[in-house]
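A.B. asks: Below is the file structure-v1.cif, which contains mmCIF, C-alpha atoms.
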data_my_file
loop_
_atom_site.label_atom_id
_atom_site.label_comp_id
_atom_site.auth_asym_id
_atom_site.auth_seq_id
_atom_site.Cartn_x
_atom_site.Cartn_y
_atom_site.Cartn_z
CA MET A 1296 120.69 12.99 103.11
CA ASN A 1297 119.95 15.23 100.13
CA LYS A 1298 116.36 15.09 98.83
CA VAL A 1299 116.78 17.73 96.16
CA THR A 1300 115.96 16.14 92.84
CA THR A 1301 115.21 16.89 89.22
CA ARG A 1302 111.91 17.79 87.61
CA GLN A 1303 112.17 14.62 85.49
CA GLU A 1304 112.46 12.37 88.57
CA VAL A 1305 109.31 14.00 89.94
CA ILE A 1306 107.45 13.56 86.65
CA ASP A 1307 108.35 9.85 86.71
CA LYS A 1308 106.34 9.45 89.93
CA PHE A 1309 103.05 10.53 88.35
CA SER A 1310 100.66 7.96 86.87
CA ASP A 1311 97.01 7.70 85.81
CA GLY A 1312 94.39 7.31 88.51
CA GLN A 1313 96.45 8.63 91.42
CA THR A 1314 94.99 10.58 94.31
CA ILE A 1315 96.95 13.81 94.73
CA MET A 1316 96.76 16.49 97.41
CA ILE A 1317 97.76 19.97 96.29
CA GLY A 1318 98.41 22.82 98.73
CA GLY A 1319 97.09 26.33 98.27
CA PHE A 1320 94.12 28.64 98.68
CA LEU A 1321 92.97 30.27 95.42
CA ALA A 1322 96.47 29.49 94.09
CA THR A 1323 98.31 31.27 96.93
CA GLY A 1324 100.60 28.57 98.31
CA THR A 1325 100.08 26.25 95.34
CA PRO A 1326 103.24 24.69 93.87
CA GLU A 1327 102.76 25.92 90.31
CA SER A 1328 105.82 24.13 88.84
CA LEU A 1329 104.62 20.80 90.23
CA VAL A 1330 101.13 21.40 88.83
CA ASP A 1331 102.75 22.25 85.47
CA ALA A 1332 104.67 18.95 85.68
CA LEU A 1333 101.37 17.07 86.11
CA VAL A 1334 99.96 18.86 83.07
CA GLU A 1335 103.11 18.08 81.09
CA LYS A 1336 102.93 14.34 81.93
CA LYS A 1337 99.29 14.29 80.75
CA VAL A 1338 98.28 11.76 83.45
CA SER A 1339 94.51 11.31 83.58
CA ASP A 1340 91.67 10.14 85.85
CA LEU A 1341 93.26 11.88 88.83
CA THR A 1342 91.47 12.51 92.11
CA ILE A 1343 92.62 15.79 93.61
CA ILE A 1344 92.18 16.89 97.20
CA THR A 1345 92.67 20.64 97.43
CA ASN A 1346 90.85 23.63 98.88
CA ASP A 1347 89.49 24.98 95.59
CA THR A 1348 89.93 24.81 91.83
CA ALA A 1349 91.45 28.32 91.73
CA PHE A 1350 91.22 30.07 88.38
CA ILE A 1351 91.35 29.10 84.72
CA GLY A 1352 95.07 28.98 83.92
CA LYS A 1353 96.24 29.36 87.52
CA GLY A 1354 96.95 26.92 90.37
CA THR A 1355 94.87 23.74 90.38
CA GLY A 1356 92.63 25.35 87.75
CA LYS A 1357 95.16 24.31 85.11
CA LEU A 1358 94.38 20.62 85.78
CA ILE A 1359 90.66 21.27 85.35
CA VAL A 1360 91.18 22.99 82.01
CA SER A 1361 93.44 20.14 80.82
CA LYS A 1362 90.67 17.65 81.81
CA GLN A 1363 92.96 15.41 83.85
CA ILE A 1364 90.65 15.28 86.86
CA LYS A 1365 88.08 12.53 87.44
CA LYS A 1366 87.14 13.70 90.92
CA ALA A 1367 87.89 16.79 93.00
CA ILE A 1368 87.40 16.90 96.78
CA VAL A 1369 87.25 20.64 97.51
CA SER A 1370 85.47 23.32 99.53
CA HIS A 1371 84.95 25.82 96.70
CA ILE A 1372 84.78 25.89 92.89
CA GLY A 1373 83.14 29.29 92.38
CA THR A 1374 86.22 31.09 90.99
CA ASN A 1375 86.69 28.67 88.08
CA ALA A 1376 83.79 28.64 85.62
CA GLU A 1377 85.25 25.60 83.81
CA THR A 1378 84.86 23.45 86.95
CA GLY A 1379 81.17 24.34 87.13
CA ARG A 1380 80.72 23.62 83.43
CA GLN A 1381 82.38 20.18 83.71
CA MET A 1382 80.33 19.39 86.83
CA ASN A 1383 77.03 20.29 85.15
CA ALA A 1384 78.04 18.30 82.04
CA GLY A 1385 78.78 15.23 84.17
CA GLU A 1386 82.46 15.26 83.15
CA ILE A 1387 83.87 15.63 86.67
CA ASP A 1388 82.77 14.41 90.09
CA ILE A 1389 82.86 17.20 92.68
CA GLU A 1390 82.70 16.37 96.40
CA LEU A 1391 82.14 19.60 98.30
CA VAL A 1392 83.49 19.59 101.84
CA PRO A 1393 83.29 22.49 104.32
CA GLN A 1394 86.75 24.05 104.47
CA GLY A 1395 87.38 23.38 108.15
CA THR A 1396 86.20 19.80 107.74
CA LEU A 1397 88.51 19.35 104.76
CA ALA A 1398 91.47 20.54 106.84
CA GLU A 1399 90.55 18.18 109.70
CA ARG A 1400 89.97 15.15 107.44
CA ILE A 1401 93.45 15.62 105.95
CA ARG A 1402 94.92 16.19 109.42
CA CYS A 1403 93.26 12.97 110.68
CA ALA A 1404 94.91 10.88 107.97
CA GLY A 1405 98.33 12.31 108.76
CA ALA A 1406 97.83 12.03 112.50
CA GLY A 1407 96.65 8.42 112.60
CA LEU A 1408 93.14 9.28 113.71
CA GLY A 1409 90.04 7.39 112.58
CA GLY A 1410 87.95 10.53 112.20
CA VAL A 1411 86.80 13.72 113.82
CA LEU A 1412 83.47 14.90 115.28
CA THR A 1413 82.43 18.32 113.98
CA PRO A 1414 79.26 20.39 114.41
CA THR A 1415 79.80 21.86 110.93
CA GLY A 1416 77.17 20.72 108.44
CA VAL A 1417 74.65 19.29 110.92
CA GLY A 1418 71.15 19.77 109.47
CA THR A 1419 72.49 20.48 105.96
CA ILE A 1420 73.06 18.29 102.91
CA VAL A 1421 76.62 17.76 104.17
CA GLU A 1422 75.26 15.33 106.79
CA GLU A 1423 73.79 12.96 104.18
CA GLY A 1424 75.19 9.46 104.56
CA LYS A 1425 77.23 10.32 107.64
CA GLU A 1426 77.04 8.96 111.14
CA LYS A 1427 75.68 11.44 113.71
CA ILE A 1428 77.02 11.25 117.22
CA ILE A 1429 75.59 13.09 120.22
CA ARG A 1430 78.05 14.11 122.95
CA ASP A 1431 76.91 16.11 125.98
CA GLY A 1432 73.65 16.93 124.21
CA LYS A 1433 75.28 18.38 121.10
CA THR A 1434 75.08 16.74 117.66
CA TYR A 1435 78.22 16.13 115.62
CA LEU A 1436 79.02 14.53 112.28
CA LEU A 1437 81.66 11.83 112.12
CA GLU A 1438 84.02 12.94 109.34
CA THR A 1439 86.56 10.41 108.09
CA PRO A 1440 90.24 10.76 107.10
CA LEU A 1441 91.43 11.76 103.63
CA SER A 1442 94.79 10.42 102.47
CA ALA A 1443 96.60 10.48 99.12
CA ASP A 1444 99.25 8.79 97.02
CA ILE A 1445 101.14 12.05 96.56
CA ALA A 1446 101.10 15.49 98.21
CA LEU A 1447 102.38 18.49 96.27
CA ILE A 1448 103.60 21.12 98.70
CA LYS A 1449 104.74 24.72 98.29
CA ALA A 1450 107.32 26.11 100.71
CA ALA A 1451 109.15 29.39 100.83
CA LYS A 1452 112.32 27.74 102.11
CA ALA A 1453 113.50 24.14 102.31
CA ASP A 1454 116.80 22.78 103.48
CA THR A 1455 118.18 19.85 101.52
CA PHE A 1456 116.78 17.39 104.09
CA GLY A 1457 113.25 18.79 103.57
CA ASN A 1458 112.74 20.94 106.65
CA LEU A 1459 110.21 23.56 105.51
CA VAL A 1460 109.32 27.16 106.21
CA TYR A 1461 106.15 28.61 104.69
CA PHE A 1462 105.58 32.32 104.03
CA ARG A 1463 102.57 34.45 105.05
CA SER A 1464 99.16 33.16 103.94
CA ALA A 1465 100.80 30.67 101.55
CA ARG A 1466 100.93 28.18 104.44
CA ASN A 1467 97.20 27.22 104.46
CA PHE A 1468 96.73 23.48 103.71
CA ASN A 1469 100.39 22.66 103.05
CA PRO A 1470 101.42 21.48 106.56
CA MET A 1471 98.52 19.01 106.90
CA MET A 1472 98.98 17.63 103.39
CA ALA A 1473 102.70 17.07 104.01
CA MET A 1474 101.65 14.46 106.61
CA ALA A 1475 98.81 12.73 104.78
CA ALA A 1476 100.34 11.25 101.60
CA LYS A 1477 102.62 8.29 100.86
CA LEU A 1478 104.95 10.46 98.76
CA VAL A 1479 105.55 14.12 99.67
CA ILE A 1480 107.03 16.34 96.96
CA VAL A 1481 107.99 19.92 97.77
CA GLU A 1482 108.52 22.91 95.52
CA ALA A 1483 110.61 25.48 97.38
CA GLU A 1484 111.35 29.05 96.35
CA GLU A 1485 114.71 28.82 98.07
CA ILE A 1486 116.81 25.76 98.98
CA VAL A 1487 119.38 26.10 101.76
CA GLU A 1488 121.95 23.87 103.43
CA VAL A 1489 121.03 21.64 106.37
CA GLY A 1490 121.74 23.51 109.59
CA SER A 1491 121.00 26.95 108.22
CA LEU A 1492 117.37 26.91 109.42
CA ASP A 1493 116.79 27.45 113.14
CA PRO A 1494 115.08 24.23 114.38
CA ASP A 1495 112.50 26.43 116.12
CA GLU A 1496 111.42 28.15 112.89
CA ILE A 1497 110.82 24.90 110.96
CA MET A 1498 107.09 24.44 110.30
CA THR A 1499 107.20 20.99 108.67
CA PRO A 1500 110.00 18.65 109.80
CA GLY A 1501 112.07 17.20 106.99
CA VAL A 1502 111.43 13.62 108.09
CA LEU A 1503 108.01 13.96 106.41
CA VAL A 1504 109.39 15.07 103.03
CA ASP A 1505 110.58 12.79 100.20
CA MET A 1506 111.56 14.99 97.24
CA ILE A 1507 112.37 18.67 96.73
CA ILE A 1508 112.61 20.76 93.59
CA LYS A 1509 113.42 24.45 93.20
CA GLY A 1510 110.29 26.42 92.24
CA MET B 1403 69.80 59.46 102.61
CA ALA B 1404 72.59 57.01 103.38
CA ASN B 1405 72.95 54.01 101.11
CA THR B 1406 72.34 50.40 102.14
CA ARG B 1407 75.99 49.57 102.62
CA GLU B 1408 76.48 52.55 104.94
CA ILE B 1409 73.33 51.92 107.02
CA VAL B 1410 74.09 48.23 107.42
CA GLY B 1411 77.81 48.80 107.96
CA LYS B 1412 77.27 51.41 110.67
CA ARG B 1413 74.70 49.35 112.57
CA VAL B 1414 76.68 46.11 112.44
CA ALA B 1415 79.83 47.93 113.56
CA ARG B 1416 78.04 48.99 116.77
CA LEU B 1417 77.50 45.33 117.74
CA PHE B 1418 81.21 44.93 118.44
CA LYS B 1419 83.21 45.73 121.52
CA ASN B 1420 86.86 46.57 121.81
CA GLY B 1421 89.14 43.58 121.17
CA ASP B 1422 86.54 41.33 119.51
CA LEU B 1423 87.93 38.80 117.01
CA VAL B 1424 85.62 38.95 113.98
CA ASN B 1425 85.38 37.34 110.55
CA LEU B 1426 83.78 39.46 107.83
CA GLY B 1427 82.39 37.77 104.71
CA ILE B 1428 82.90 39.03 101.17
CA GLY B 1429 80.76 41.91 99.87
CA MET B 1430 78.61 44.05 102.15
CA PRO B 1431 80.00 42.44 105.34
CA THR B 1432 83.51 43.61 104.38
CA ALA B 1433 82.28 47.21 104.37
CA VAL B 1434 81.57 46.99 108.10
CA ALA B 1435 85.27 47.59 108.76
CA ASN B 1436 84.89 51.11 107.33
CA TYR B 1437 82.31 52.17 109.94
CA LEU B 1438 83.82 51.15 113.28
CA PRO B 1439 83.42 53.70 116.06
CA GLU B 1440 86.70 55.43 116.91
CA ASP B 1441 86.94 53.86 120.35
CA VAL B 1442 86.37 50.30 119.10
CA ASN B 1443 89.25 48.28 117.70
CA ILE B 1444 88.38 44.82 116.50
CA ILE B 1445 90.77 42.16 115.20
CA LEU B 1446 89.85 40.65 111.88
CA HIS B 1447 90.27 36.94 111.15
CA SER B 1448 90.97 35.81 107.58
CA GLU B 1449 89.94 32.18 107.00
CA ASN B 1450 92.90 31.47 104.71
CA GLY B 1451 95.16 31.67 107.72
CA PHE B 1452 95.74 34.80 109.76
CA VAL B 1453 94.48 37.31 112.29
CA GLY B 1454 95.21 41.01 112.05
CA LEU B 1455 93.79 41.50 108.55
CA GLY B 1456 94.51 45.06 107.39
CA ALA B 1457 93.48 47.32 104.54
CA THR B 1458 94.18 46.93 100.85
CA PRO B 1459 97.79 47.98 100.18
CA PRO B 1460 98.53 50.98 97.95
CA GLU B 1461 99.03 50.06 94.30
CA GLY B 1462 102.48 48.66 93.72
CA GLN B 1463 102.92 47.52 97.33
CA GLU B 1464 100.95 44.26 97.07
CA GLN B 1465 102.73 41.13 98.34
CA LYS B 1466 101.77 37.97 96.47
CA ASP B 1467 101.44 35.80 99.59
CA ILE B 1468 99.32 38.22 101.64
CA VAL B 1469 95.77 37.86 100.37
CA ASN B 1470 92.30 37.67 101.90
CA ALA B 1471 89.74 34.86 101.60
CA GLY B 1472 88.74 36.25 98.22
CA GLY B 1473 92.32 36.09 96.98
CA GLN B 1474 92.66 39.90 96.94
CA PRO B 1475 95.87 41.62 98.12
CA VAL B 1476 95.61 42.85 101.71
CA THR B 1477 97.98 43.72 104.56
CA ILE B 1478 98.63 42.31 108.02
CA LEU B 1479 98.66 44.73 110.95
CA PRO B 1480 101.31 44.87 113.70
CA GLY B 1481 100.40 42.13 116.20
CA GLY B 1482 98.89 39.90 113.52
CA ALA B 1483 99.83 36.24 113.08
CA PHE B 1484 99.79 33.67 110.28
CA PHE B 1485 98.84 29.99 110.73
CA ASP B 1486 97.67 26.96 108.76
CA SER B 1487 94.11 26.09 107.74
CA ALA B 1488 93.59 23.59 110.58
CA MET B 1489 94.44 26.30 113.14
CA SER B 1490 92.33 28.82 111.25
CA PHE B 1491 89.24 26.64 111.46
CA ALA B 1492 90.02 25.52 115.01
CA ILE B 1493 89.79 29.22 115.89
CA ILE B 1494 86.46 29.38 114.06
CA ARG B 1495 84.84 26.20 115.45
CA GLY B 1496 86.44 26.47 118.86
CA GLY B 1497 84.39 29.49 119.88
CA HIS B 1498 87.30 31.94 119.62
CA LEU B 1499 85.50 34.21 117.16
CA ALA B 1500 83.25 36.78 118.82
CA ALA B 1501 81.24 37.11 115.64
CA THR B 1502 80.97 36.39 111.95
CA VAL B 1503 79.20 38.71 109.52
CA LEU B 1504 77.81 37.14 106.36
CA GLY B 1505 75.34 37.79 103.59
CA ALA B 1506 72.30 35.57 103.00
CA LEU B 1507 70.09 34.27 100.23
CA GLN B 1508 67.47 33.39 102.85
CA VAL B 1509 67.22 33.51 106.62
CA ASP B 1510 64.23 32.37 108.65
CA GLU B 1511 62.52 32.96 111.98
CA ARG B 1512 64.19 29.89 113.51
CA GLY B 1513 67.63 31.30 112.76
CA ASN B 1514 68.27 28.97 109.86
CA LEU B 1515 70.51 30.34 107.12
CA ALA B 1516 70.79 29.55 103.40
CA ASN B 1517 73.64 31.33 101.66
CA TRP B 1518 75.68 28.88 99.65
CA MET B 1519 73.76 27.31 96.78
CA VAL B 1520 70.73 27.49 94.52
CA PRO B 1521 69.97 24.02 93.11
CA GLY B 1522 70.30 23.98 89.34
CA LYS B 1523 71.87 27.43 89.26
CA MET B 1524 74.69 28.42 91.55
CA VAL B 1525 76.87 25.82 93.30
CA PRO B 1526 80.14 27.58 94.13
CA GLY B 1527 80.74 25.45 97.24
CA MET B 1528 80.41 26.41 100.87
CA GLY B 1529 84.07 27.28 101.39
CA GLY B 1530 84.36 28.26 105.04
CA ALA B 1531 80.77 29.48 105.50
CA MET B 1532 79.38 26.38 107.23
CA ASP B 1533 82.22 26.33 109.76
CA LEU B 1534 81.88 30.07 110.42
CA VAL B 1535 78.15 29.90 111.05
CA ALA B 1536 78.42 26.78 113.21
CA GLY B 1537 81.38 28.07 115.20
CA ALA B 1538 81.23 31.84 115.76
CA ARG B 1539 79.72 32.96 119.07
CA LYS B 1540 77.42 35.45 117.26
CA VAL B 1541 76.21 35.12 113.69
CA ILE B 1542 75.23 38.45 112.13
CA ILE B 1543 73.53 38.60 108.73
CA ALA B 1544 74.24 41.83 106.82
CA MET B 1545 72.24 42.09 103.61
CA GLU B 1546 69.69 43.88 101.48
CA HIS B 1547 66.26 43.29 102.98
CA THR B 1548 64.76 41.74 99.84
CA ALA B 1549 66.06 39.94 96.74
CA LYS B 1550 66.70 41.89 93.53
CA ASP B 1551 63.20 41.01 92.28
CA GLY B 1552 61.68 42.36 95.49
CA SER B 1553 60.81 38.95 96.94
CA PRO B 1554 61.38 38.50 100.68
CA LYS B 1555 64.59 36.93 101.98
CA ILE B 1556 63.48 36.84 105.61
CA LEU B 1557 61.12 33.88 105.66
CA LYS B 1558 59.10 31.65 107.96
CA LEU B 1559 61.19 28.71 106.75
CA CYS B 1560 64.13 28.65 104.32
CA ASN B 1561 63.52 26.54 101.20
CA LEU B 1562 67.06 26.65 99.76
CA PRO B 1563 69.71 24.19 101.02
CA LEU B 1564 70.84 25.33 104.46
CA THR B 1565 74.25 26.54 105.54
CA ALA B 1566 73.43 25.89 109.20
CA VAL B 1567 70.48 25.27 111.48
CA GLN B 1568 69.37 27.75 114.18
CA GLU B 1569 72.64 29.67 114.35
CA VAL B 1570 71.70 33.22 113.26
CA ASP B 1571 71.54 35.83 116.04
CA TYR B 1572 71.01 39.18 114.28
CA ILE B 1573 69.82 40.45 110.90
CA VAL B 1574 70.79 43.95 109.77
CA THR B 1575 69.32 45.42 106.57
CA GLU B 1576 68.75 48.89 105.12
CA LEU B 1577 65.29 48.79 106.75
CA GLY B 1578 66.03 47.64 110.27
CA PHE B 1579 67.90 45.74 112.94
CA MET B 1580 66.35 42.43 114.07
CA GLU B 1581 67.22 39.84 116.69
CA ILE B 1582 66.31 36.17 116.37
CA THR B 1583 64.90 34.74 119.59
CA ALA B 1584 63.24 31.47 120.58
CA GLU B 1585 59.88 33.19 119.96
CA GLY B 1586 60.77 34.51 116.50
CA ILE B 1587 62.28 37.61 114.91
CA VAL B 1588 62.10 40.71 117.12
CA LEU B 1589 62.22 44.08 115.37
CA LYS B 1590 64.61 46.07 117.58
CA GLU B 1591 65.24 49.16 115.44
CA LEU B 1592 63.96 50.77 112.26
CA ALA B 1593 66.19 52.68 109.85
CA PRO B 1594 65.36 56.41 109.70
CA GLY B 1595 62.19 57.03 107.68
CA VAL B 1596 61.11 53.37 107.61
CA THR B 1597 57.75 52.35 109.10
CA ILE B 1598 56.76 49.10 110.79
CA GLU B 1599 54.22 48.54 107.99
CA GLU B 1600 56.91 48.90 105.32
CA ILE B 1601 59.41 46.49 106.88
CA GLN B 1602 56.68 43.91 107.62
CA SER B 1603 55.35 44.13 104.06
CA LYS B 1604 58.81 43.19 102.78
CA THR B 1605 59.24 40.32 105.27
CA GLU B 1606 57.51 36.94 104.99
CA ALA B 1607 58.07 36.02 108.64
CA THR B 1608 55.81 37.80 111.11
CA LEU B 1609 57.97 40.27 113.02
CA ILE B 1610 57.55 40.55 116.78
CA ILE B 1611 57.02 44.23 117.51
CA PRO B 1612 57.99 45.35 121.02
CA PRO B 1613 56.32 48.42 122.57
CA ASN B 1614 59.28 50.65 121.77
CA VAL B 1615 60.94 50.13 118.41
CA GLU B 1616 63.83 52.55 118.35
CA THR B 1617 65.20 54.41 115.36
CA MET B 1618 68.59 53.17 114.24
CA ASN B 1619 71.29 55.57 115.43
CA ILE B 1620 73.45 55.90 112.37
#
Take the structure from the file and write it as structure tokens.

C.D. replies:
Amino acid sequence: MNKVTTRQEVIDKFSDGQTIMIGGFLATGTPESLVDALVEKKVSDLTIITNDTAFIGKGTGKLIVSKQIKKAIVSHIGTNAETGRQMNAGEIDIELVPQGTLAERIRCAGAGLGGVLTPTGVGTIVEEGKEKIIRDGKTYLLETPLSADIALIKAAKADTFGNLVYFRSARNFNPMMAMAAKLVIVEAEEIVEVGSLDPDEIMTPGVLVDMIIKG
Amino acid sequence: MANTREIVGKRVARLFKNGDLVNLGIGMPTAVANYLPEDVNIILHSENGFVGLGATPPEGQEQKDIVNAGGQPVTILPGGAFFDSAMSFAIIRGGHLAATVLGALQVDERGNLANWMVPGKMVPGMGGAMDLVAGARKVIIAMEHTAKDGSPKILKLCNLPLTAVQEVDYIVTELGFMEITAEGIVLKELAPGVTIEEIQSKTEATLIIPPNVETMNI
């Protein structure tokens, strides 16, 4: 089963109003070609779930500049002045989530869990509107799953079935996102034949992946 | 006279013991790594997904996928390991970090910390700060004693939005080394040349002064 496809077939999957997860941390581990494809298609009113809005002209920052985002669920926007400007102007809805909570909420969706109890954010504005649960005398917030229509994933290596290997600190949110979306699209720096990756070195199993393009 | 970064860096560095896993925040906390005693090796955690954070590589030897939490090129030391963000924050929340060192906008005598937003001005997002402060076994604040306009940052009660409640253990500034206890903030050490009157005059919270306040050994 060969999941390697064309850029055009990927672009055909994008439409207005979708919720899209995008891997990366300040653009390291972000699939830049897939982000460029979203910009090229000019889809609008997107909700993105991603760690940060990176930089103007780099990573997920490109989608902010092109004004395709209705809402961003992120842990940090401080490196992209345009995100702050749009937020203050009321042009974009920003939901700030502590980074570890963001990772767990995505993991919950992909793992079939109804939520996670975390001590992070107790006593801060993060707790507003959330259920508090006390276990063994300690207070936790109930944080709920985050899923998406599409996940855009960056891998160093993919085999044609979609088994993935990430490289260095480019792994970050990619493995959790590859489990939490209905359609998983991978941009790989290198595409190899099935059987050439050692099954022990595979970080995301190919059964979770739908489409692959060469990045 | 040593500068703030050196005084704070040297004093914070002496809070660690050999083998501690530590996360250093951006700015002054990062400088702590430059002042470790020779017999103390700590392992640095980088929230974007590895342990064994090393120094900045020489120019021309940067690798695009090895960056720190600020996105700057760094290196990984022999024995280091990469992992995903869920593992990275499991290490943080799970009590596997001996300490985190962060800056502060405000910290108060109950150990509350505000360091991530100023309503109407600066809202960069909390990134990993809330998880770090909630999860690390020791929370160490490394900062200038007062704000740029001279107003106190060590308060009776924080009035900016909090990062976490009652999690701060130590405060280290260019004026002194303080420990937060159930009774309040105890002044443990003064920087060389600083008096009790001076540090108290620049602190809104009332410092608890033990009989012997030592001079910081830096």

A.B. asks: Take the point (84.4, 26.6, 113.6) in the file's coordinates, draw a sphere of radius 10 Å around it, and report as a list of chain:residue names every protein, DNA or RNA residue with an atom inside or on it, counting all atoms listed in the file.

C.D. replies: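 Protein, DNA and RNA residues close to (84.4, 26.6, 113.6): A:Gln1394, A:Gly1395, A:Thr1396, A:Thr1413, A:Pro1414, A:Thr1415, B:Ser1490, B:Phe1491, B:Ala1492, B:Ile1493, B:Ile1494, B:Arg1495, B:Gly1496, B:Gly1497, B:His1498, B:Leu1499, B:Gly1530, B:Ala1531, B:Met1532, B:Asp1533, B:Leu1534, B:Val1535, B:Ala1536, B:Gly1537, B:Ala1538, B:Arg1539.
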
A.B. asks: What are the closest atom pairs, with distances in Å to one decimal, for each residue of chain A lying within 8 Å of chain B, using all atoms listed in the file, rows by chain and rising residue number, as a tab-separated table?

C.D. replies:
residue	atom	partner	partner_atom	distance
A:Phe1320	CA	B:Asn1450	CA	6.8
A:Leu1321	CA	B:Gly1473	CA	6.1
A:Thr1323	CA	B:Asp1467	CA	6.1
A:Gly1324	CA	B:Asp1467	CA	7.4
A:Ser1370	CA	B:Gly1529	CA	4.6
A:His1371	CA	B:Gly1527	CA	4.3
A:Ile1372	CA	B:Pro1526	CA	5.1
A:Gly1373	CA	B:Pro1526	CA	3.9
A:Thr1374	CA	B:Pro1526	CA	7.7
A:Gly1379	CA	B:Val1525	CA	7.7
A:Leu1391	CA	B:Gly1527	CA	6.1
A:Val1392	CA	B:Met1528	CA	7.5
A:Pro1393	CA	B:Gly1529	CA	5.7
A:Gln1394	CA	B:Gly1530	CA	4.9
A:Gly1395	CA	B:Phe1491	CA	5.0
A:Thr1396	CA	B:Asp1533	CA	7.9
A:Ala1398	CA	B:Ala1488	CA	5.3
A:Glu1399	CA	B:Ala1488	CA	6.3
A:Arg1402	CA	B:Ala1488	CA	7.6
A:Pro1414	CA	B:Ala1536	CA	6.6
A:Thr1415	CA	B:Asp1533	CA	5.2
A:Gly1416	CA	B:Met1532	CA	6.2
A:Val1417	CA	B:Ala1566	CA	6.9
A:Gly1418	CA	B:Val1567	CA	5.9
A:Thr1419	CA	B:Leu1564	CA	5.3
A:Ile1420	CA	B:Pro1563	CA	7.0
A:Phe1462	CA	B:Asp1467	CA	7.0
A:Arg1463	CA	B:Asp1467	CA	5.7
A:Ser1464	CA	B:Ile1468	CA	5.6
A:Ala1465	CA	B:Asp1467	CA	5.5
A:Arg1466	CA	B:Asp1486	CA	5.5
A:Asn1467	CA	B:Asp1486	CA	4.3
A:Phe1468	CA	B:Ser1487	CA	5.5
A:Asn1469	CA	B:Asp1486	CA	7.6
A:Pro1470	CA	B:Asp1486	CA	7.0
A:Met1471	CA	B:Ala1488	CA	7.7

A.B. asks: Using all atoms listed in the file, which of the listed residues (A:Ala1451, A:Val1299, A:Val1481, A:Ile1359) sits closest to A:Ala1376?

C.D. replies: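 Result for the nearest residue to A:Ala1376: A:Ile1359.
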
A.B. asks: I'd like the interatomic distance between atom CA of B:Leu1557 and atom CA of B:Ile1611, to a tenth of an Å.

C.D. replies: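 Taking atom CA of B:Leu1557 as the start and atom CA of B:Ile1611 as the end point, the length is 16.3 Å.
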
A.B. asks: Pull out every residue that the PyMOL selection byres ((chain B and resi 1414) around 9) matches in the shown coordinates and put them as a count of residues only.

C.D. replies: 19

A.B. asks: Taking 3 positions as the minimum chain separation for residues in the same chain, which residues sit within 12 Å of B:Leu1577 when counting only C-alpha atoms? Answer as a ChimeraX atom specification.

C.D. replies: /B:1404-1410,1413,1544-1548,1573-1574,1580,1589-1605,1617-1618
